[in-house]
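Data block for structure.cif (mmCIF, C-alpha atoms and all ligand atoms):
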data_query
loop_
_atom_site.label_atom_id
_atom_site.label_comp_id
_atom_site.auth_asym_id
_atom_site.auth_seq_id
_atom_site.Cartn_x
_atom_site.Cartn_y
_atom_site.Cartn_z
CA MET C 25 -21.05 -6.58 0.95
CA ASN C 26 -19.89 -7.17 4.51
CA LEU C 27 -16.42 -5.63 4.77
CA ASN C 28 -14.24 -6.61 7.66
CA TYR C 29 -10.54 -5.67 7.57
CA LYS C 30 -8.63 -8.26 9.59
CA SER C 31 -5.23 -7.63 11.15
CA TYR C 32 -3.96 -11.23 10.86
CA TRP C 33 -2.08 -10.63 14.14
CA ARG C 34 0.39 -8.34 12.36
CA LYS C 35 1.16 -4.64 12.07
CA THR C 36 -0.71 -2.56 9.54
CA GLY C 37 -0.68 1.02 8.37
CA LEU C 38 -4.50 0.96 8.42
CA LYS C 39 -5.43 0.45 12.05
CA GLY C 40 -8.93 0.60 13.53
CA LYS C 41 -11.60 2.04 11.24
CA TRP C 42 -9.12 2.86 8.45
CA GLY C 43 -8.90 -0.69 7.14
CA ASN C 44 -12.64 -0.84 6.54
CA ILE C 45 -12.64 2.62 4.95
CA PHE C 46 -9.93 1.37 2.57
CA LEU C 47 -11.98 -1.75 1.73
CA GLN C 48 -15.02 0.44 1.08
CA ARG C 49 -13.03 2.39 -1.52
CA LEU C 50 -11.94 -0.87 -3.15
CA SER C 51 -15.45 -2.29 -3.24
CA THR C 52 -16.81 0.99 -4.64
CA TYR C 53 -14.72 0.44 -7.79
CA ASN C 54 -14.72 -3.38 -7.90
CA PRO C 55 -11.28 -3.59 -9.50
CA LYS C 56 -9.71 -6.74 -10.92
CA ASN C 57 -6.07 -5.70 -10.89
CA VAL C 58 -4.68 -3.89 -7.87
CA LEU C 59 -1.23 -2.44 -7.18
CA GLU C 60 -0.04 -1.54 -3.70
CA ILE C 61 3.09 0.58 -3.29
CA GLY C 62 4.32 0.03 0.28
CA VAL C 63 3.29 -3.47 1.35
CA PHE C 64 4.81 -3.31 4.87
CA CYS C 65 3.72 -6.56 6.63
CA GLY C 66 1.17 -7.52 3.97
CA VAL C 67 -2.03 -6.99 5.97
CA THR C 68 -3.63 -4.65 3.46
CA ALA C 69 -2.38 -6.97 0.70
CA ARG C 70 -4.12 -9.95 2.30
CA ASN C 71 -7.35 -8.03 2.91
CA THR C 72 -7.25 -6.76 -0.67
CA CYS C 73 -6.85 -10.33 -2.01
CA ASP C 74 -9.65 -11.56 0.29
CA LEU C 75 -11.97 -8.91 -1.16
CA LEU C 76 -10.87 -9.40 -4.78
CA ASP C 77 -11.40 -13.12 -4.39
CA LYS C 78 -14.94 -12.50 -3.10
CA ILE C 79 -15.73 -10.12 -5.97
CA ASN C 80 -13.98 -11.85 -8.88
CA GLY C 81 -13.37 -15.42 -7.86
CA LYS C 82 -9.88 -16.38 -8.98
CA ASP C 83 -9.88 -13.79 -11.77
CA PHE C 84 -7.79 -11.02 -10.18
CA THR C 85 -4.20 -9.90 -9.69
CA TYR C 86 -2.43 -8.14 -6.85
CA VAL C 87 1.02 -6.58 -7.33
CA GLY C 88 2.87 -5.32 -4.25
CA VAL C 89 6.08 -3.29 -4.26
CA ASP C 90 8.17 -2.59 -1.17
CA LEU C 91 11.77 -2.10 -0.23
CA PHE C 92 11.46 -5.35 1.73
CA GLY C 93 14.79 -4.52 3.30
CA SER C 94 16.55 -3.43 0.11
CA ASP C 95 18.29 -0.05 -0.08
CA GLN C 96 16.50 3.17 -0.88
CA SER C 97 18.07 5.30 -3.57
CA GLU C 98 17.56 8.46 -1.46
CA LYS C 99 17.73 7.05 2.03
CA LYS C 100 17.86 10.34 3.85
CA ASP C 101 14.57 11.77 2.70
CA GLU C 102 12.29 8.76 3.14
CA ILE C 103 10.06 8.29 6.14
CA GLU C 104 9.93 4.65 7.15
CA PRO C 105 7.70 3.25 9.87
CA THR C 106 9.82 3.10 13.06
CA PHE C 107 8.66 -0.52 13.43
CA LEU C 108 10.96 -1.61 10.63
CA LYS C 109 14.11 -0.82 12.61
CA ASP C 110 13.78 -3.44 15.35
CA GLN C 111 10.32 -4.99 14.91
CA LYS C 112 8.98 -3.97 18.33
CA PHE C 113 5.41 -4.82 19.35
CA SER C 114 3.40 -3.35 22.21
CA ASN C 115 1.91 -6.83 22.69
CA PRO C 116 4.63 -8.93 24.45
CA LEU C 117 3.15 -12.18 23.08
CA LYS C 118 3.68 -10.96 19.51
CA ASN C 119 7.19 -9.96 20.41
CA ILE C 120 7.99 -13.47 21.67
CA TYR C 121 6.15 -15.18 18.83
CA TYR C 122 7.69 -13.28 15.91
CA ASN C 123 11.11 -12.30 17.28
CA TYR C 124 12.00 -15.38 19.35
CA ILE C 125 9.89 -18.35 18.20
CA LEU C 126 9.46 -17.76 14.46
CA ARG C 127 12.36 -15.28 14.15
CA GLU C 128 10.46 -13.84 11.26
CA ASN C 129 10.85 -10.39 9.76
CA LEU C 130 7.26 -9.47 8.90
CA ASN C 131 8.38 -6.90 6.32
CA SER C 132 10.11 -9.48 4.13
CA ILE C 133 9.07 -11.11 0.87
CA ASP C 134 9.15 -14.54 2.55
CA SER C 135 6.86 -13.52 5.38
CA VAL C 136 4.38 -11.65 3.16
CA SER C 137 4.40 -14.52 0.63
CA LYS C 138 3.44 -16.87 3.47
CA LEU C 139 0.54 -14.62 4.47
CA LEU C 140 -0.63 -14.51 0.83
CA LYS C 141 0.01 -18.20 0.12
CA LYS C 142 -3.67 -18.90 -0.52
CA TYR C 143 -3.46 -16.50 -3.47
CA SER C 144 -0.02 -17.44 -4.79
CA ASP C 145 -1.30 -17.78 -8.40
CA ASN C 146 -2.70 -14.24 -8.35
CA ILE C 147 0.02 -12.22 -6.67
CA LYS C 148 3.39 -10.74 -7.50
CA LEU C 149 5.67 -9.19 -4.89
CA ILE C 150 8.52 -6.97 -6.02
CA ALA C 151 11.40 -5.84 -3.82
CA GLY C 152 13.00 -2.49 -4.54
CA ASP C 153 12.83 1.26 -4.36
CA THR C 154 9.99 2.54 -6.54
CA ASN C 155 12.29 5.31 -7.76
CA LYS C 156 14.14 2.53 -9.57
CA VAL C 157 11.78 -0.41 -10.07
CA LEU C 158 8.34 1.09 -10.74
CA LYS C 159 9.16 2.07 -14.33
CA GLU C 160 10.14 -1.53 -15.06
CA ILE C 161 6.77 -2.96 -14.00
CA ASN C 162 3.94 -3.45 -16.50
CA LEU C 163 1.13 -1.30 -15.10
CA GLN C 164 -1.11 -1.30 -18.16
CA ASN C 165 -3.91 -3.37 -16.62
CA ILE C 166 -3.93 -1.80 -13.14
CA ASP C 167 -7.44 -0.62 -12.18
CA PHE C 168 -6.73 0.55 -8.66
CA ALA C 169 -3.40 1.65 -7.15
CA PHE C 170 -2.84 2.26 -3.43
CA LEU C 171 0.07 4.66 -2.98
CA ASP C 172 1.59 4.17 0.47
CA GLY C 173 5.34 3.65 0.00
CA GLY C 174 8.05 6.30 0.26
CA HIS C 175 6.66 9.52 1.65
CA SER C 176 9.22 12.06 0.41
CA TYR C 177 8.18 14.71 -2.13
CA GLN C 178 10.45 13.24 -4.79
CA THR C 179 9.22 9.65 -4.35
CA VAL C 180 5.52 10.58 -4.38
CA ILE C 181 6.03 12.63 -7.55
CA ASN C 182 8.01 9.77 -9.12
CA ASP C 183 5.34 7.20 -8.26
CA LEU C 184 2.42 9.35 -9.40
CA THR C 185 4.16 10.23 -12.67
CA ILE C 186 4.84 6.60 -13.56
CA LEU C 187 1.40 5.39 -12.51
CA TYR C 188 -0.30 8.18 -14.43
CA GLU C 189 1.62 7.37 -17.63
CA SER C 190 -0.08 3.94 -17.70
CA MET C 191 -3.45 4.88 -16.19
CA LYS C 192 -4.07 8.22 -17.90
CA GLY C 193 -7.50 8.71 -19.50
CA LYS C 194 -8.72 5.27 -18.36
CA LYS C 195 -10.82 6.45 -15.40
CA LYS C 196 -8.84 4.27 -13.03
CA VAL C 197 -8.17 5.03 -9.37
CA ILE C 198 -5.05 6.10 -7.48
CA LEU C 199 -5.72 6.18 -3.74
CA CYS C 200 -2.98 7.96 -1.76
CA ASP C 201 -2.52 7.64 1.99
CA ASP C 202 -1.33 10.34 4.41
CA TYR C 203 -2.76 13.37 2.61
CA GLY C 204 -5.34 14.70 5.08
CA LYS C 205 -5.04 15.79 8.70
CA GLU C 206 -5.87 12.32 10.12
CA SER C 207 -2.38 11.10 9.09
CA TYR C 208 -0.84 14.20 7.55
CA ILE C 209 2.59 14.18 5.91
CA SER C 210 3.39 17.58 4.45
CA GLU C 211 5.61 16.33 1.59
CA VAL C 212 2.90 13.90 0.51
CA GLU C 213 0.27 16.65 0.48
CA LYS C 214 2.55 19.03 -1.43
CA ALA C 215 3.47 16.41 -4.05
CA ILE C 216 -0.15 15.37 -4.62
CA ASN C 217 -1.34 18.98 -4.84
CA ASN C 218 1.36 19.93 -7.35
CA PHE C 219 0.88 16.78 -9.43
CA THR C 220 -2.91 17.05 -9.67
CA LYS C 221 -2.70 20.77 -10.45
CA GLN C 222 -0.13 20.27 -13.21
CA ASN C 223 -2.18 17.50 -14.79
CA ASN C 224 -5.54 19.15 -14.21
CA LEU C 225 -6.83 16.21 -12.18
CA GLU C 226 -9.70 16.15 -9.72
CA LEU C 227 -8.86 15.24 -6.14
CA ASN C 228 -11.36 13.68 -3.71
CA ILE C 229 -10.45 13.73 -0.04
CA ILE C 230 -11.71 10.63 1.75
CA GLU C 231 -12.41 10.91 5.48
CA ASN C 232 -9.75 13.61 5.96
CA ARG C 233 -7.01 11.10 5.25
CA PHE C 234 -6.82 9.60 1.75
CA ALA C 235 -6.51 11.52 -1.51
CA GLU C 236 -8.29 9.79 -4.37
CA ILE C 237 -7.34 10.62 -7.94
CA ILE C 238 -9.43 9.42 -10.87
CA THR C 239 -7.25 9.19 -13.94
C1 LIG A 301 3.33 2.95 5.78
S1 LIG A 301 4.10 1.49 5.24
C2 LIG A 301 2.86 0.77 4.22
C3 LIG A 301 1.68 0.25 4.98
C4 LIG A 301 0.83 -0.73 4.20
N1 LIG A 301 0.31 -0.16 2.99
C5 LIG A 301 -0.33 -1.20 5.06
O1 LIG A 301 -1.48 -0.87 4.74
O2 LIG A 301 -0.08 -1.88 6.06
C6 LIG A 301 5.26 2.07 4.07
C7 LIG A 301 6.05 0.97 3.37
O3 LIG A 301 6.70 1.56 2.25
C8 LIG A 301 7.97 1.01 2.09
N2 LIG A 301 8.79 2.01 1.36
C9 LIG A 301 9.33 3.16 1.83
N3 LIG A 301 9.99 3.81 0.86
C10 LIG A 301 9.87 3.05 -0.26
C11 LIG A 301 10.35 3.16 -1.60
N4 LIG A 301 11.05 4.22 -1.97
N5 LIG A 301 10.07 2.17 -2.48
C12 LIG A 301 9.33 1.09 -2.10
N6 LIG A 301 8.83 0.92 -0.85
C13 LIG A 301 9.10 1.88 0.06
C14 LIG A 301 8.47 0.71 3.51
O4 LIG A 301 9.40 -0.34 3.46
C15 LIG A 301 7.16 0.35 4.23
O5 LIG A 301 6.98 -1.04 4.31
#

Now, as a test, write the supplied structure out as structure tokens.
Amino acid sequence: MNLNYKSYWRKTGLKGKWGNIFLQRLSTYNPKNVLEIGVFCGVTARNTCDLLDKINGKDFTYVGVDLFGSDQSEKKDEIEPTFLKDQKFSNPLKNIYYNYILRENLNSIDSVSKLLKKYSDNIKLIAGDTNKVLKEINLQNIDFAFLDGGHSYQTVINDLTILYESMKGKKKVILCDDYGKESYISEVEKAINNFTKQNNLELNIIENRFAEIIT
């Protein structure tokens, strides 16, 4: 399948080759029900829906969880993209377009819903801190989870623990960003190492960046 991660003229956590590497992981497993923790501006969400639509027709779901501007329970230890503070773009045209013409906050439920409008019957966007909201979400049918939200040790452990409760023994996939040296975050690495060790789980490192856990 021809995979082509598009930026949709927005910011994404998966710039350059990383978007296509992510799509390759998705297409390797051909999931039907995908969860993304850390939606940001929705670019990976949109690319995920584009691919799921190609693979499954309309028979897929995408669930995205993000703070979307709501408060974190442990504000001080989270690492947020600096972009979120004042929505600055290196491209001046984007700056004018989003900040002065549309006056649109790209990391908001409204803005991401607009980007995913084509798939409105298949998607669910949830605003909140995963330390509070993840345990309230039904994760039983999730085949593939992309973990890219809060990057503190506590949040990564929280998210992995809750995901694993629902995905355990089902040979499903949890793909975690920011593990390897290409986008290393030490707390993320430490949390993933401790969690996989404690639960005796195999860890595959993808392109020195992602950590892939098969449940
Ligand atoms: C690196 S960005 C995600 C990038 C996105 N996956 C992409 O591919 O473009 C991290 C996102 O996680 C969100 N976030 C940070 N801490 C969070 C938490 N505790 N609960 C939910 N979302 C969180 C931030 O608001 C931010 O949008």

Show me, as lines of an AutoDock Vina configuration file, the centre and edge lengths in Å to one decimal of the axis-aligned box that covers every listed atom of segment 70-78 of chain C with 5 Å on each side.
center_x = -9.5
center_y = -9.9
center_z = -0.9
size_x = 20.8
size_y = 16.4
size_z = 17.7

Which residues of chain C sit at most 7 Å from ligand LIG 301 (chain A), using only C-alpha atoms and all ligand atoms? Give each one's shortest atom pair and distance in Å (one decimal place), in chain and ascending residue order, as a Markdown table.
| residue | atom | partner | partner_atom | distance |
| --- | --- | --- | --- | --- |
| C:Lys35 | CA | A:LIG301 | O2 | 6.7 |
| C:Thr36 | CA | A:LIG301 | O2 | 3.6 |
| C:Gly37 | CA | A:LIG301 | O2 | 3.8 |
| C:Leu38 | CA | A:LIG301 | O1 | 5.1 |
| C:Glu60 | CA | A:LIG301 | N1 | 6.8 |
| C:Ile61 | CA | A:LIG301 | N6 | 6.2 |
| C:Gly62 | CA | A:LIG301 | O3 | 3.4 |
| C:Val63 | CA | A:LIG301 | C4 | 4.7 |
| C:Phe64 | CA | A:LIG301 | O5 | 3.2 |
| C:Cys65 | CA | A:LIG301 | O2 | 6.1 |
| C:Gly66 | CA | A:LIG301 | O2 | 6.1 |
| C:Val67 | CA | A:LIG301 | O2 | 5.5 |
| C:Thr68 | CA | A:LIG301 | O1 | 4.5 |
| C:Val89 | CA | A:LIG301 | C12 | 5.9 |
| C:Asp90 | CA | A:LIG301 | N6 | 3.6 |
| C:Leu91 | CA | A:LIG301 | N6 | 4.3 |
| C:Phe92 | CA | A:LIG301 | O4 | 5.7 |
| C:Gly93 | CA | A:LIG301 | O4 | 6.8 |
| C:Gln96 | CA | A:LIG301 | N4 | 5.7 |
| C:Glu102 | CA | A:LIG301 | N3 | 5.9 |
| C:Ile103 | CA | A:LIG301 | C9 | 6.7 |
| C:Glu104 | CA | A:LIG301 | C9 | 5.6 |
| C:Pro105 | CA | A:LIG301 | C1 | 6.0 |
| C:Asn131 | CA | A:LIG301 | O5 | 6.4 |
| C:Gly152 | CA | A:LIG301 | C12 | 5.7 |
| C:Asp153 | CA | A:LIG301 | N5 | 3.5 |
| C:Thr154 | CA | A:LIG301 | N5 | 4.1 |
| C:Asn155 | CA | A:LIG301 | N4 | 6.0 |
| C:Asp172 | CA | A:LIG301 | N1 | 5.2 |
| C:Gly173 | CA | A:LIG301 | O3 | 3.4 |
| C:Gly174 | CA | A:LIG301 | N3 | 3.2 |
| C:His175 | CA | A:LIG301 | N3 | 6.7 |
| C:Thr179 | CA | A:LIG301 | N4 | 6.2 |

For Glu236 of chain C: contacts at 10 Å, all atoms listed in the file, fewer than 2 positions along chain excluded, given as a compact mmCIF listing (two decimals) with C-alpha atoms, keeping the file's coordinate frame:
# COMPACT_ATOMS: atom_id res chain seq x y z
CA ARG C 49 -13.03 2.39 -1.52
CA ALA C 169 -3.40 1.65 -7.15
CA PHE C 170 -2.84 2.26 -3.43
CA LEU C 171 0.07 4.66 -2.98
CA VAL C 197 -8.17 5.03 -9.37
CA ILE C 198 -5.05 6.10 -7.48
CA LEU C 199 -5.72 6.18 -3.74
CA CYS C 200 -2.98 7.96 -1.76
CA ASP C 201 -2.52 7.64 1.99
CA TYR C 203 -2.76 13.37 2.61
CA ILE C 216 -0.15 15.37 -4.62
CA GLU C 226 -9.70 16.15 -9.72
CA LEU C 227 -8.86 15.24 -6.14
CA ASN C 228 -11.36 13.68 -3.71
CA ILE C 229 -10.45 13.73 -0.04
CA ILE C 230 -11.71 10.63 1.75
CA ARG C 233 -7.01 11.10 5.25
CA PHE C 234 -6.82 9.60 1.75
CA ILE C 238 -9.43 9.42 -10.87
CA THR C 239 -7.25 9.19 -13.94

Restricting the calculation to all atoms listed in the file: of C:Ser94, C:Ser132, C:Asn224, C:Ser31, which residue gets closest to Gln111 of chain C?
C:Ser132

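With atom CA of Asn80 of chain C on one side and atom CA of Asn57 of chain C on the other, the separation reads 10.2 Å.
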
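Residues lying within 9 Å of Ser190 of chain C, counting all atoms listed in the file and ignoring same-chain neighbours fewer than 5 positions away, are C:Asn162, C:Leu163, C:Gln164, C:Asn165, C:Ile166.
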
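Among the candidates C:Ile125, C:Met25, C:Leu117, C:Ala235, the one nearest to Ile79 of chain C when counting all atoms listed in the file is C:Met25.
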
Work out how far apart atom CA of Tyr177 of chain C and atom CA of Lys214 of chain C are and give it in Å to one decimal.
7.1 Å

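Counting from atom CA of Lys41 of chain C, the distance to atom CA of Glu211 of chain C is 24.4 Å.
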
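Between Leu225 of chain C and the candidates C:Lys82, C:Lys156, C:Lys192, C:Arg34, the tightest atom-to-atom separation, counting all atoms listed in the file, involves C:Lys192.
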
Nearest to Asp183 of chain C: which of C:Lys118, C:Asp145, C:Asp83, C:Leu59 is it, counting only C-alpha atoms?
C:Leu59

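With all atoms listed in the file as the atoms that count, the minimum distance from Glu206 of chain C to the choices C:Phe84, C:Gly43, C:Ile133, C:Glu231 is reached by C:Glu231.
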
Within 10 Å of Asn146 of chain C, counting all atoms listed in the file, which residues show up once you throw out same-chain ones fewer than 2 positions away? Write them as a PyMOL selection string, please.
chain C and resi 57+73+77+82-87+140-144+148

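In this comparison, which uses only C-alpha atoms, the residue of C:Gly40, C:Pro55, C:Pro116, C:Gly88 approaching Lys196 of chain C most closely is C:Pro55.
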